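Structure record follows, encoded as structure tokens.
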Amino acid sequence: MDEQSRKSMAVRGRWAVAAMFFINGFITGSWAPQIPVLLVRLEISRFTLGLLILLFGAGAVVAMSWCGYLIARHGSRIVLSRFAVAASFGLLLVALAPNLILAALTMIAFGGLIGAMDVAMNTNAVVVERRLARAIMSSSHGFWSLGGFVGGGLGGLGIQTFGHLAHSIIVTAVAFAGVMLANRHLISEGQPGGTARPRFSLPRNPLIYLIGVMALFSMTPEGAVLDWAALYLQQELGADLATASLAFAAFSGVMACMRFAGDAVRNRFGAVTTLRISAFIAATGMLGAGLAAAPWMAIACFAFCGIGIANMVPIAFSAAGNQHGISSGVGMSVVTTMGYSGILVAPSAIGFVAEHVGFSPVFIGLSGLLVIVFLMAGRVRRADFSATPPAE
């Protein structure tokens with residue numbers, strides 16, 4: 001195969017993995033408007049619903065932790081294509097669950113499929129970056145945000161018009177069709193793992209865990225804004241509900257836009273400089289939100305924080321997938337598991353702390369986590385990919 005053909009294949013692979021990010025976000029976003037329906041349909045309490053959502057997160061974290069082994073053995077293309085097909089039916093399984101026990105089981109499966117697909121698509125994005133010798137991770141995460149926006153935005157209207165089951169069938173059909181089209185153009189990293197079968201084991205390189213800590217410290221503030229920013233504006237800054245809801249909207253909207261711009265910035269200045277500047281901006285915004293004296297000030301600061309946080313996690317993921325001596329899948333599995341704990345687990349602890357000291361000190365404290373990422377930015381030099389893949 002000549003150079004032009006390889007380049008063309010890599011470009012198609014870039015858009016194929018972007019489609020996978022969009023589909024994953026679309027399915028996840030479509031789940032959000034189904035949550036109130038599940039509460040009424042199963043006649044459960046909010047506490048029980050919270051436990052079901054926690055099972056979704058637990059399923060995702062467990063799947064992320066061992067998906068790297070599958071990728072090391074079979075390659076990211078095969079693992080991504082198969083989990084993406086299965087994940088297309090995840091929402092439908094939850095919508096069909098007739099009772100609490102089956103709902104709990106389907107939530108674990110749904111979270112596991114989404115989590116495994118997440119690790120595999122991030123790993124495949126690293127493969128594409130090496131083939132193209134340029135960053136695509138930030139814009140890939142931008143497609144995830146776009147998919148979540150479309151799924152969440154149209155989901156409520158779809159449920160109201162067609163009902164929750166018909167909505168889940170439509171989501172499944174759209175996701176499955178998109179996955180089948182994208183599967184044809186996904187690229188692989190070559191023969192994974194050589195002839196020896198890899199054994200499941202944790203990496204010995206401590207650097208991968210430091211990158212995982214950076215991902216955790218980057219995603220914990222994101223989870224805090226998602227779950228608690230509106231309540232902070234209402235209870236401590238006196239905002240009404242409509243104004244309070246603008247906090248996460250401004251944060252996520254700016255973050256999505258910056259993710260599409262992030263690859264160009266990173267290609268120009270490099271991963272370390274981009275991460276360092278991003279962490280400084282994010283820490284400044286989070287600190288300002290914690291010190292804000294009025295709702296509009298907090299909203300503006302959360303938006304400013306979103307500018308910085310947007311590209312921190314994509315850079316950490318690229319660094320995880322390019323470490324020497326560790327397969328891309330295993331490195332990505334460790335970092336995604338640690339990072340997503342910041343969204344799936346940390347908000348519960350944040351709520352407990354805020355109940356005793358208030359939200360303002362919490363957001364001020366979270367800015368300290370972002371300062372630590374700023375100081376650790378030099379650890380992501382491997383995110384400036386090379387055409388040579390890390391050792392398997």
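Residues in the structure tokens are named by chain (A, B, ... in the order shown) and by number from 1 within that chain; ligands are numbered from 1 in the order shown.
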Do you have, as a Markdown table, the list of residues of segment 171-288 of chain A lying at most 9 Å from segment 323-337 of chain A, each with its nearest atom pair and that distance in Å to one decimal, counting only C-alpha atoms and ordered by chain then number?
```
| residue | atom | partner | partner_atom | distance |
| --- | --- | --- | --- | --- |
| A:Pro192 | CA | A:Ser327 | CA | 8.8 |
| A:Gly193 | CA | A:Ser327 | CA | 8.2 |
| A:Leu202 | CA | A:Val330 | CA | 8.1 |
| A:Pro203 | CA | A:Ile326 | CA | 6.9 |
| A:Arg204 | CA | A:Ile326 | CA | 8.9 |
| A:Asn205 | CA | A:Ile326 | CA | 8.0 |
| A:Leu207 | CA | A:Gln323 | CA | 8.5 |
| A:Ile208 | CA | A:Gly331 | CA | 6.5 |
| A:Tyr209 | CA | A:Val335 | CA | 7.1 |
| A:Leu210 | CA | A:Val335 | CA | 8.9 |
| A:Ile211 | CA | A:Val335 | CA | 6.6 |
| A:Gly212 | CA | A:Val335 | CA | 4.2 |
| A:Val213 | CA | A:Val335 | CA | 7.8 |
| A:Met214 | CA | A:Val335 | CA | 8.8 |
| A:Ala215 | CA | A:Val335 | CA | 6.7 |
| A:Leu216 | CA | A:Val335 | CA | 8.2 |
```
### Task
Run DSSP on the backbone of this structure and report the residues of segment 122-289 of chain A it assigns to helix (DSSP H, G or I), as JSON, numbers by chain.
{"A": [122, 123, 124, 125, 126, 127, 128, 129, 130, 131, 132, 137, 138, 139, 140, 141, 142, 143, 144, 145, 146, 147, 148, 149, 150, 151, 152, 153, 154, 155, 156, 157, 158, 159, 160, 161, 162, 164, 165, 166, 167, 168, 169, 170, 171, 172, 173, 174, 175, 176, 177, 178, 179, 180, 181, 182, 183, 206, 207, 208, 209, 210, 211, 212, 213, 214, 215, 216, 217, 218, 219, 220, 221, 222, 223, 224, 225, 226, 227, 228, 229, 230, 231, 232, 233, 234, 235, 241, 242, 243, 244, 246, 247, 248, 249, 250, 251, 252, 253, 254, 255, 256, 257, 258, 259, 260, 261, 262, 263, 264, 265, 266, 267, 268, 269, 271, 272, 273, 274, 275, 276, 277, 278, 279, 280, 281, 282, 283, 284, 285, 286, 287, 288, 289]}
### Query
Interatomic distance between atom CA of Ala349 of chain A and atom CA of Ala224 of chain A?
9.9 Å
Determine, for each residue of segment 128-182 of chain A having at least one atom at most 12 Å from an atom of segment 359-383 of chain A, the closest pair of atoms and their separation in Å to one decimal, counting only C-alpha atoms; order by chain and ascending number, as a Markdown table.
```
| residue | atom | partner | partner_atom | distance |
| --- | --- | --- | --- | --- |
| A:Glu129 | CA | A:Ala383 | CA | 9.7 |
| A:Arg130 | CA | A:Ala383 | CA | 10.1 |
| A:Ala133 | CA | A:Ala383 | CA | 11.1 |
| A:Arg134 | CA | A:Ala383 | CA | 10.3 |
| A:Ala135 | CA | A:Ala383 | CA | 8.8 |
| A:Ile136 | CA | A:Ala383 | CA | 11.3 |
| A:Met137 | CA | A:Ala383 | CA | 10.1 |
| A:Ser138 | CA | A:Ala383 | CA | 11.9 |
```
### Message
So that I can see what lies close to Val94 of chain A, please list as a PyMOL selection string the residues with an atom at most 10 Å from it, counting only C-alpha atoms and leaving out residues fewer than 6 positions away in the same chain.
### Response
chain A and resi 31+34+38+102-110+165+168
